[in-house]
Amino acid sequence: MQPSSRITPEGEDALAALRSHPGGAVLGFDFDGTLAPIVDDPAAARAHPGAAAALAALAPRVRALVVVTGRPAKVAVEYGGFEGIDGLVVLGQYGAERWESGTLSAPEPPPGVAEVRAKLPRVLEASGAPPETYVEDKGRALVVHTRRCAEPQVALDRLRSVMDALAERHGLVVEPGRFVLELRPPGMDKGVALRAFLDETGRPSALVFAGDDLGDLAAFDAVDALREDGVPGLKLCSGSAEVTEVAEHADLVVDGPDGVVAFLETLLPPAS
Ligand SMILES: O=P(O)(O)OC[C@H]1O[C@H](O[C@H]2O[C@H](CO)[C@@H](O)[C@H](O)[C@H]2O)[C@H](O)[C@@H](O)[C@@H]1O
């Protein structure tokens with residue numbers, strides 16, 4: 001995907017507000033697909049080589065930086081190389097967990113997660129899921145991955161109704177993503193998490209959220225809501241051929257994590 005030079009007027013306003021008063025701005029980011037390139041093995045994902053440096057350089061210049069991710073917060077900190085970035089908050093498991101300045105808060109999962117963990121292998125087998133189907137156990141959620149299957153989207157679509165029924169029986173919800181169906185506790189999403197974070201940090205002079213996947217649309221909705229309240233907001237899409245819906249809702253589309261990091265670097269003063 002090529003970077004787009006088109007930006008909406010609302011996005012342009014937010015960018016101008018961000019540049020003129022960065023100290024009051026809040027910048028939010030998804031992790032996988034936005035700060036970290038997508039790879040086949042979720043355990044092999046790592047942030048773009050320029051991501052941590054760009055965030056560390058931005059941290060003292062803005063009011064707050066927040067990563068809002070489906071990953072456990074500790075995993076995002078490790079895979080992102082974020083340890084030691086003062087002022088960066090990581091909200092993991094869609095906002096249920098929080099990491100800040102080396103301190104992690106992670107509540108116990110509800111019992112439905114253990115119930116689904118016990119049943120999932122048999123349910124997948126009974127559904128005829130291809131052998132390449134992979135389950136990632138995140139402690140508070142279980143993620144069924146089909147990226148390694150010969151026809152990942154077909155495999156995912158075939159599993160959808162079975163996963164919906166399994167999640168519902170155990171008080172969980174299904175969060176769909178890039179060749180994943182995640183069974184997780186309800187009640188949190190990236191929009192709820194971002195709004196709660198903004199309630200803490202105060203009304204920003206500008207708000208940016210960058211994402212690539214369906215779960216990021218809730219955070220885009222939060223940006224829209226703030227915009228209606230007069231806060232300049234930019235919805236930045238880390239574009240991919242896999243998900244087009246996020247680009248449709250964005251003010252600016254860049255070329256994956258390379259483009260996101262290049263965007264962040266434009267916010268920094270030129271090196272002297
Ligand atoms: O909210 P995010 O930070 O985007 O996390 C969402 C899910 O991302 C991960 O899966 C995605 O990245 C994998 C590694 O690149 C890739 O193999 C997979 O196809 C993608 O969907 C992660 O594994 C999940 O646990 C997260 O929920």
# chains A, B, ... in the order shown; residues from 1 in each chain; ligands from 1
$ residues_near_ligand --ligand "ligand 1" --cutoff "9 Å" --atoms "only C-alpha atoms and all ligand atoms" --output "ChimeraX atom specification"
/A:29-46,67-72,76,92-94,136-138,141-148,175-182,190,211-216
$ write_last_selection --atoms "N, CA and C atoms" --output "short mmCIF file (atom, residue, chain, number, x, y, z; two decimals), in the first residue's frame"
data_model
loop_
_atom_site.label_atom_id
_atom_site.label_comp_id
_atom_site.auth_asym_id
_atom_site.auth_seq_id
_atom_site.Cartn_x
_atom_site.Cartn_y
_atom_site.Cartn_z
N PHE A 29 -1.79 4.92 20.32
CA PHE A 29 -1.36 3.97 19.29
C PHE A 29 -1.82 2.57 19.61
N ASP A 30 -2.22 1.87 18.57
CA ASP A 30 -2.36 0.43 18.61
C ASP A 30 -0.93 -0.17 18.51
N PHE A 31 -0.79 -1.45 18.81
CA PHE A 31 0.56 -2.05 18.71
C PHE A 31 0.72 -2.85 17.41
N ASP A 32 0.11 -4.06 17.35
CA ASP A 32 0.33 -4.93 16.17
C ASP A 32 -0.27 -4.28 14.92
N GLY A 33 0.55 -4.21 13.89
CA GLY A 33 0.08 -3.65 12.62
C GLY A 33 0.22 -2.14 12.55
N THR A 34 0.52 -1.51 13.69
CA THR A 34 0.63 -0.03 13.72
C THR A 34 2.05 0.36 14.14
N LEU A 35 2.45 -0.09 15.34
CA LEU A 35 3.84 0.15 15.76
C LEU A 35 4.72 -1.04 15.43
N ALA A 36 4.08 -2.22 15.24
CA ALA A 36 4.85 -3.45 14.96
C ALA A 36 4.36 -4.07 13.66
N PRO A 37 5.28 -4.40 12.76
CA PRO A 37 4.85 -5.07 11.52
C PRO A 37 4.19 -6.41 11.82
N ILE A 38 3.22 -6.78 11.01
CA ILE A 38 2.52 -8.05 11.16
C ILE A 38 3.44 -9.20 10.72
N VAL A 39 3.49 -10.25 11.55
CA VAL A 39 4.26 -11.45 11.23
C VAL A 39 3.38 -12.67 11.49
N ASP A 40 3.80 -13.82 10.98
CA ASP A 40 2.99 -15.04 11.12
C ASP A 40 2.83 -15.51 12.55
N ASP A 41 3.94 -15.41 13.31
CA ASP A 41 3.95 -15.92 14.68
C ASP A 41 3.77 -14.76 15.66
N PRO A 42 2.66 -14.74 16.42
CA PRO A 42 2.45 -13.60 17.32
C PRO A 42 3.57 -13.40 18.33
N ALA A 43 4.27 -14.49 18.68
CA ALA A 43 5.37 -14.35 19.65
C ALA A 43 6.62 -13.74 19.02
N ALA A 44 6.63 -13.65 17.69
CA ALA A 44 7.81 -13.11 17.01
C ALA A 44 7.63 -11.62 16.65
N ALA A 45 6.48 -11.06 16.97
CA ALA A 45 6.23 -9.65 16.62
C ALA A 45 7.12 -8.74 17.47
N ARG A 46 7.69 -7.75 16.85
CA ARG A 46 8.48 -6.74 17.57
C ARG A 46 8.18 -5.39 16.94
N VAL A 67 -0.29 3.58 24.53
CA VAL A 67 -0.48 2.46 23.62
C VAL A 67 -1.70 1.70 24.12
N VAL A 68 -2.69 1.52 23.26
CA VAL A 68 -3.92 0.80 23.65
C VAL A 68 -3.98 -0.44 22.76
N THR A 69 -3.78 -1.59 23.38
CA THR A 69 -3.54 -2.80 22.60
C THR A 69 -4.33 -4.00 23.12
N GLY A 70 -4.55 -4.95 22.22
CA GLY A 70 -5.14 -6.23 22.62
C GLY A 70 -4.13 -7.13 23.31
N ARG A 71 -2.87 -6.83 23.19
CA ARG A 71 -1.81 -7.62 23.85
C ARG A 71 -1.86 -7.42 25.36
N PRO A 72 -1.40 -8.41 26.12
CA PRO A 72 -1.15 -8.14 27.53
C PRO A 72 -0.17 -6.96 27.63
N ALA A 76 3.37 -6.17 25.40
CA ALA A 76 3.56 -5.02 24.49
C ALA A 76 4.80 -4.22 24.90
N GLY A 92 -3.24 -2.59 28.23
CA GLY A 92 -3.25 -3.89 27.56
C GLY A 92 -4.59 -4.59 27.66
N GLN A 93 -4.75 -5.66 26.89
CA GLN A 93 -5.99 -6.46 26.89
C GLN A 93 -7.19 -5.53 26.73
N TYR A 94 -7.10 -4.65 25.75
CA TYR A 94 -8.17 -3.69 25.42
C TYR A 94 -8.50 -2.74 26.57
N GLU A 136 -3.46 -18.72 20.68
CA GLU A 136 -2.57 -17.92 21.52
C GLU A 136 -3.30 -17.69 22.85
N ASP A 137 -2.64 -18.07 23.93
CA ASP A 137 -3.25 -17.92 25.26
C ASP A 137 -2.66 -16.67 25.92
N LYS A 138 -3.51 -15.67 26.13
CA LYS A 138 -3.04 -14.41 26.70
C LYS A 138 -3.41 -14.27 28.18
N ALA A 141 -7.48 -13.84 27.78
CA ALA A 141 -8.19 -14.04 26.51
C ALA A 141 -7.50 -15.14 25.73
N LEU A 142 -8.28 -15.77 24.83
CA LEU A 142 -7.73 -16.81 23.96
C LEU A 142 -7.95 -16.38 22.53
N VAL A 143 -6.89 -16.46 21.73
CA VAL A 143 -6.96 -15.93 20.38
C VAL A 143 -6.76 -17.07 19.38
N VAL A 144 -7.74 -17.26 18.51
CA VAL A 144 -7.63 -18.26 17.45
C VAL A 144 -7.07 -17.57 16.21
N HIS A 145 -5.90 -18.04 15.77
CA HIS A 145 -5.21 -17.44 14.60
C HIS A 145 -5.35 -18.37 13.39
N THR A 146 -5.66 -17.80 12.23
CA THR A 146 -5.69 -18.62 11.00
C THR A 146 -4.70 -18.14 9.94
N ARG A 147 -3.83 -17.20 10.30
CA ARG A 147 -2.90 -16.62 9.32
C ARG A 147 -2.07 -17.70 8.62
N ARG A 148 -1.74 -18.77 9.34
CA ARG A 148 -0.85 -19.79 8.76
C ARG A 148 -1.62 -20.81 7.92
N GLU A 175 -13.79 -10.84 19.61
CA GLU A 175 -13.19 -9.64 19.01
C GLU A 175 -12.52 -10.09 17.72
N PRO A 176 -13.05 -9.70 16.56
CA PRO A 176 -12.41 -10.13 15.31
C PRO A 176 -11.25 -9.20 14.95
N GLY A 177 -10.24 -9.78 14.30
CA GLY A 177 -9.10 -8.96 13.87
C GLY A 177 -8.46 -9.58 12.64
N ARG A 178 -7.24 -9.20 12.39
CA ARG A 178 -6.54 -9.64 11.17
C ARG A 178 -6.23 -11.13 11.28
N PHE A 179 -7.08 -11.94 10.68
CA PHE A 179 -6.97 -13.40 10.72
C PHE A 179 -6.95 -13.92 12.16
N VAL A 180 -7.71 -13.28 13.01
CA VAL A 180 -7.87 -13.74 14.39
C VAL A 180 -9.31 -13.58 14.85
N LEU A 181 -9.72 -14.49 15.73
CA LEU A 181 -10.95 -14.34 16.50
C LEU A 181 -10.51 -14.47 17.95
N GLU A 182 -10.73 -13.41 18.70
CA GLU A 182 -10.26 -13.40 20.08
C GLU A 182 -11.46 -13.55 21.01
N LYS A 190 -11.28 -0.38 23.03
CA LYS A 190 -10.24 0.66 22.95
C LYS A 190 -10.82 2.07 23.10
N GLY A 211 -4.24 3.41 14.26
CA GLY A 211 -4.59 2.00 14.32
C GLY A 211 -4.69 1.38 12.93
N ASP A 212 -4.81 0.05 12.93
CA ASP A 212 -4.84 -0.65 11.64
C ASP A 212 -5.98 -1.65 11.53
N ASP A 213 -6.63 -1.97 12.66
CA ASP A 213 -7.52 -3.14 12.65
C ASP A 213 -8.90 -2.76 13.19
N LEU A 214 -9.83 -3.71 13.07
CA LEU A 214 -11.22 -3.42 13.43
C LEU A 214 -11.37 -2.97 14.89
N GLY A 215 -10.58 -3.55 15.77
CA GLY A 215 -10.66 -3.18 17.19
C GLY A 215 -10.28 -1.73 17.44
N ASP A 216 -9.60 -1.10 16.46
CA ASP A 216 -9.19 0.30 16.62
C ASP A 216 -10.32 1.27 16.27
#
$ select_by_dssp --residues "region 19-243 of chain A" --states "strand (DSSP E or B)" --output "PyMOL selection string"
chain A and resi 25-29+32+36+64-68+88-92+97-100+103-105+134-137+142-145+173-177+180-184+206-211+233-238
$ write_last_selection --atoms "C-alpha atoms" --output "JSON list (two decimals), in the first residue's frame"
[["chain", "number", "residue", "atom", "x", "y", "z"],
["A", 25, "ALA", "CA", -1.50, 16.85, 22.94],
["A", 26, "VAL", "CA", -2.28, 13.19, 23.58],
["A", 27, "LEU", "CA", -1.06, 10.58, 21.10],
["A", 28, "GLY", "CA", -2.50, 7.06, 21.15],
["A", 29, "PHE", "CA", -1.36, 3.97, 19.29],
["A", 32, "ASP", "CA", 0.33, -4.93, 16.17],
["A", 36, "ALA", "CA", 4.85, -3.45, 14.96],
["A", 64, "ALA", "CA", 0.80, 11.96, 27.12],
["A", 65, "LEU", "CA", 1.57, 8.94, 24.99],
["A", 66, "VAL", "CA", -0.57, 5.85, 25.31],
["A", 67, "VAL", "CA", -0.48, 2.46, 23.62],
["A", 68, "VAL", "CA", -3.92, 0.80, 23.65],
["A", 88, "LEU", "CA", 4.40, 6.25, 28.09],
["A", 89, "VAL", "CA", 1.37, 4.35, 29.40],
["A", 90, "VAL", "CA", 0.42, 0.96, 27.97],
["A", 91, "LEU", "CA", -3.21, -0.16, 28.31],
["A", 92, "GLY", "CA", -3.25, -3.89, 27.56],
["A", 97, "GLU", "CA", -4.45, -3.92, 32.11],
["A", 98, "ARG", "CA", -2.17, -0.96, 32.67],
["A", 99, "TRP", "CA", 1.58, -0.57, 32.63],
["A", 100, "GLU", "CA", 3.24, 2.67, 33.63],
["A", 103, "THR", "CA", 4.40, -0.95, 37.32],
["A", 104, "LEU", "CA", 1.80, -3.36, 36.01],
["A", 105, "SER", "CA", -1.80, -3.71, 37.09],
["A", 134, "TYR", "CA", -3.17, -21.75, 16.23],
["A", 135, "VAL", "CA", -4.38, -20.71, 19.70],
["A", 136, "GLU", "CA", -2.57, -17.92, 21.52],
["A", 137, "ASP", "CA", -3.25, -17.92, 25.26],
["A", 142, "LEU", "CA", -7.73, -16.81, 23.96],
["A", 143, "VAL", "CA", -6.96, -15.93, 20.38],
["A", 144, "VAL", "CA", -7.63, -18.26, 17.45],
["A", 145, "HIS", "CA", -5.21, -17.44, 14.60],
["A", 173, "VAL", "CA", -17.26, -11.84, 23.51],
["A", 174, "VAL", "CA", -15.54, -12.39, 20.17],
["A", 175, "GLU", "CA", -13.19, -9.64, 19.01],
["A", 176, "PRO", "CA", -12.41, -10.13, 15.31],
["A", 177, "GLY", "CA", -9.10, -8.96, 13.87],
["A", 180, "VAL", "CA", -7.87, -13.74, 14.39],
["A", 181, "LEU", "CA", -10.95, -14.34, 16.50],
["A", 182, "GLU", "CA", -10.26, -13.40, 20.08],
["A", 183, "LEU", "CA", -12.48, -14.69, 22.90],
["A", 184, "ARG", "CA", -12.23, -12.18, 25.72],
["A", 206, "ALA", "CA", -5.08, 17.80, 20.12],
["A", 207, "LEU", "CA", -5.69, 14.07, 20.00],
["A", 208, "VAL", "CA", -4.22, 11.50, 17.62],
["A", 209, "PHE", "CA", -5.04, 7.81, 17.49],
["A", 210, "ALA", "CA", -3.25, 5.46, 15.11],
["A", 211, "GLY", "CA", -4.59, 2.00, 14.32],
["A", 233, "GLY", "CA", -8.53, 14.99, 16.48],
["A", 234, "LEU", "CA", -6.65, 12.97, 13.89],
["A", 235, "LYS", "CA", -7.52, 9.37, 13.03],
["A", 236, "LEU", "CA", -4.39, 7.88, 11.51],
["A", 237, "CYS", "CA", -4.63, 4.57, 9.65],
["A", 238, "SER", "CA", -1.66, 2.25, 9.38]]
$ residues_around --residues "Leu267 (chain A)" --least-positions-apart "4" --cutoff "8 Å" --atoms "only C-alpha atoms" --output "MDAnalysis selection string"
chainID A and resid 19 58 263
$ residues_around --residues "Gly23 (chain A)" --least-positions-apart "2" --cutoff "6 Å" --atoms "only C-alpha atoms" --output "PyMOL selection string"
chain A and resi 21+25+61-63
$ write_last_selection --atoms "C-alpha atoms" --output "mmCIF file, in the first residue's frame"
data_model
loop_
_atom_site.group_PDB
_atom_site.id
_atom_site.type_symbol
_atom_site.label_atom_id
_atom_site.label_comp_id
_atom_site.auth_asym_id
_atom_site.auth_seq_id
_atom_site.Cartn_x
_atom_site.Cartn_y
_atom_site.Cartn_z
ATOM 1 C CA HIS A 21 0.822 23.289 20.926
ATOM 2 C CA ALA A 25 -1.501 16.854 22.940
ATOM 3 C CA ARG A 61 7.210 17.143 24.148
ATOM 4 C CA VAL A 62 3.569 16.066 24.505
ATOM 5 C CA ARG A 63 1.127 15.728 27.399
#
$ atom_distance --atom1 "CA of Val261 (chain A)" --atom2 "CA of Gly239 (chain A)"
12.7 Å
$ atom_distance --atom1 "CA of Ala16 (chain A)" --atom2 "CA of Leu198 (chain A)"
20.1 Å
$ atom_distance --atom1 "CA of Asp229 (chain A)" --atom2 "CA of Ala250 (chain A)"
18.4 Å
$ decode --residues "region 21-46 of chain A" --atoms "N, CA and C atoms" --output "PDB file, in the first residue's frame"
ATOM      1  N   HIS A  21       0.820  23.428  19.467  1.00  0.00           N
ATOM      2  CA  HIS A  21       0.822  23.289  20.926  1.00  0.00           C
ATOM      3  C   HIS A  21       1.005  21.814  21.306  1.00  0.00           C
ATOM      4  N   PRO A  22       2.175  21.263  20.991  1.00  0.00           N
ATOM      5  CA  PRO A  22       2.382  19.831  21.262  1.00  0.00           C
ATOM      6  C   PRO A  22       2.280  19.475  22.741  1.00  0.00           C
ATOM      7  N   GLY A  23       2.597  20.420  23.610  1.00  0.00           N
ATOM      8  CA  GLY A  23       2.620  20.126  25.051  1.00  0.00           C
ATOM      9  C   GLY A  23       1.264  19.750  25.623  1.00  0.00           C
ATOM     10  N   GLY A  24       0.189  20.054  24.898  1.00  0.00           N
ATOM     11  CA  GLY A  24      -1.140  19.703  25.404  1.00  0.00           C
ATOM     12  C   GLY A  24      -1.745  18.521  24.678  1.00  0.00           C
ATOM     13  N   ALA A  25      -0.937  17.901  23.813  1.00  0.00           N
ATOM     14  CA  ALA A  25      -1.501  16.854  22.940  1.00  0.00           C
ATOM     15  C   ALA A  25      -1.373  15.457  23.558  1.00  0.00           C
ATOM     16  N   VAL A  26      -2.331  14.607  23.196  1.00  0.00           N
ATOM     17  CA  VAL A  26      -2.276  13.192  23.584  1.00  0.00           C
ATOM     18  C   VAL A  26      -2.209  12.364  22.309  1.00  0.00           C
ATOM     19  N   LEU A  27      -1.240  11.449  22.272  1.00  0.00           N
ATOM     20  CA  LEU A  27      -1.058  10.585  21.101  1.00  0.00           C
ATOM     21  C   LEU A  27      -1.285   9.135  21.524  1.00  0.00           C
ATOM     22  N   GLY A  28      -2.184   8.447  20.828  1.00  0.00           N
ATOM     23  CA  GLY A  28      -2.497   7.057  21.154  1.00  0.00           C
ATOM     24  C   GLY A  28      -2.187   6.133  19.987  1.00  0.00           C
ATOM     25  N   PHE A  29      -1.791   4.921  20.317  1.00  0.00           N
ATOM     26  CA  PHE A  29      -1.357   3.971  19.290  1.00  0.00           C
ATOM     27  C   PHE A  29      -1.825   2.566  19.605  1.00  0.00           C
ATOM     28  N   ASP A  30      -2.221   1.871  18.575  1.00  0.00           N
ATOM     29  CA  ASP A  30      -2.359   0.428  18.606  1.00  0.00           C
ATOM     30  C   ASP A  30      -0.934  -0.167  18.513  1.00  0.00           C
ATOM     31  N   PHE A  31      -0.787  -1.449  18.807  1.00  0.00           N
ATOM     32  CA  PHE A  31       0.558  -2.050  18.708  1.00  0.00           C
ATOM     33  C   PHE A  31       0.724  -2.850  17.408  1.00  0.00           C
ATOM     34  N   ASP A  32       0.113  -4.065  17.349  1.00  0.00           N
ATOM     35  CA  ASP A  32       0.327  -4.931  16.170  1.00  0.00           C
ATOM     36  C   ASP A  32      -0.269  -4.282  14.916  1.00  0.00           C
ATOM     37  N   GLY A  33       0.552  -4.209  13.887  1.00  0.00           N
ATOM     38  CA  GLY A  33       0.081  -3.652  12.622  1.00  0.00           C
ATOM     39  C   GLY A  33       0.221  -2.143  12.548  1.00  0.00           C
ATOM     40  N   THR A  34       0.521  -1.510  13.694  1.00  0.00           N
ATOM     41  CA  THR A  34       0.634  -0.034  13.721  1.00  0.00           C
ATOM     42  C   THR A  34       2.047   0.364  14.143  1.00  0.00           C
ATOM     43  N   LEU A  35       2.452  -0.090  15.336  1.00  0.00           N
ATOM     44  CA  LEU A  35       3.836   0.152  15.760  1.00  0.00           C
ATOM     45  C   LEU A  35       4.721  -1.044  15.428  1.00  0.00           C
ATOM     46  N   ALA A  36       4.080  -2.217  15.242  1.00  0.00           N
ATOM     47  CA  ALA A  36       4.847  -3.447  14.962  1.00  0.00           C
ATOM     48  C   ALA A  36       4.357  -4.069  13.660  1.00  0.00           C
ATOM     49  N   PRO A  37       5.280  -4.400  12.762  1.00  0.00           N
ATOM     50  CA  PRO A  37       4.853  -5.069  11.521  1.00  0.00           C
ATOM     51  C   PRO A  37       4.192  -6.412  11.823  1.00  0.00           C
ATOM     52  N   ILE A  38       3.217  -6.775  11.008  1.00  0.00           N
ATOM     53  CA  ILE A  38       2.522  -8.055  11.162  1.00  0.00           C
ATOM     54  C   ILE A  38       3.443  -9.198  10.719  1.00  0.00           C
ATOM     55  N   VAL A  39       3.487 -10.250  11.550  1.00  0.00           N
ATOM     56  CA  VAL A  39       4.262 -11.450  11.231  1.00  0.00           C
ATOM     57  C   VAL A  39       3.383 -12.673  11.490  1.00  0.00           C
ATOM     58  N   ASP A  40       3.805 -13.823  10.980  1.00  0.00           N
ATOM     59  CA  ASP A  40       2.986 -15.042  11.118  1.00  0.00           C
ATOM     60  C   ASP A  40       2.835 -15.507  12.553  1.00  0.00           C
ATOM     61  N   ASP A  41       3.938 -15.408  13.312  1.00  0.00           N
ATOM     62  CA  ASP A  41       3.953 -15.922  14.684  1.00  0.00           C
ATOM     63  C   ASP A  41       3.769 -14.758  15.657  1.00  0.00           C
ATOM     64  N   PRO A  42       2.665 -14.741  16.425  1.00  0.00           N
ATOM     65  CA  PRO A  42       2.447 -13.603  17.319  1.00  0.00           C
ATOM     66  C   PRO A  42       3.568 -13.400  18.332  1.00  0.00           C
ATOM     67  N   ALA A  43       4.274 -14.487  18.680  1.00  0.00           N
ATOM     68  CA  ALA A  43       5.369 -14.353  19.652  1.00  0.00           C
ATOM     69  C   ALA A  43       6.619 -13.742  19.019  1.00  0.00           C
ATOM     70  N   ALA A  44       6.630 -13.649  17.694  1.00  0.00           N
ATOM     71  CA  ALA A  44       7.810 -13.106  17.014  1.00  0.00           C
ATOM     72  C   ALA A  44       7.630 -11.624  16.649  1.00  0.00           C
ATOM     73  N   ALA A  45       6.476 -11.063  16.974  1.00  0.00           N
ATOM     74  CA  ALA A  45       6.233  -9.653  16.625  1.00  0.00           C
ATOM     75  C   ALA A  45       7.123  -8.740  17.474  1.00  0.00           C
ATOM     76  N   ARG A  46       7.689  -7.746  16.850  1.00  0.00           N
ATOM     77  CA  ARG A  46       8.480  -6.737  17.566  1.00  0.00           C
ATOM     78  C   ARG A  46       8.182  -5.386  16.943  1.00  0.00           C
TER      79      ARG A  46
END
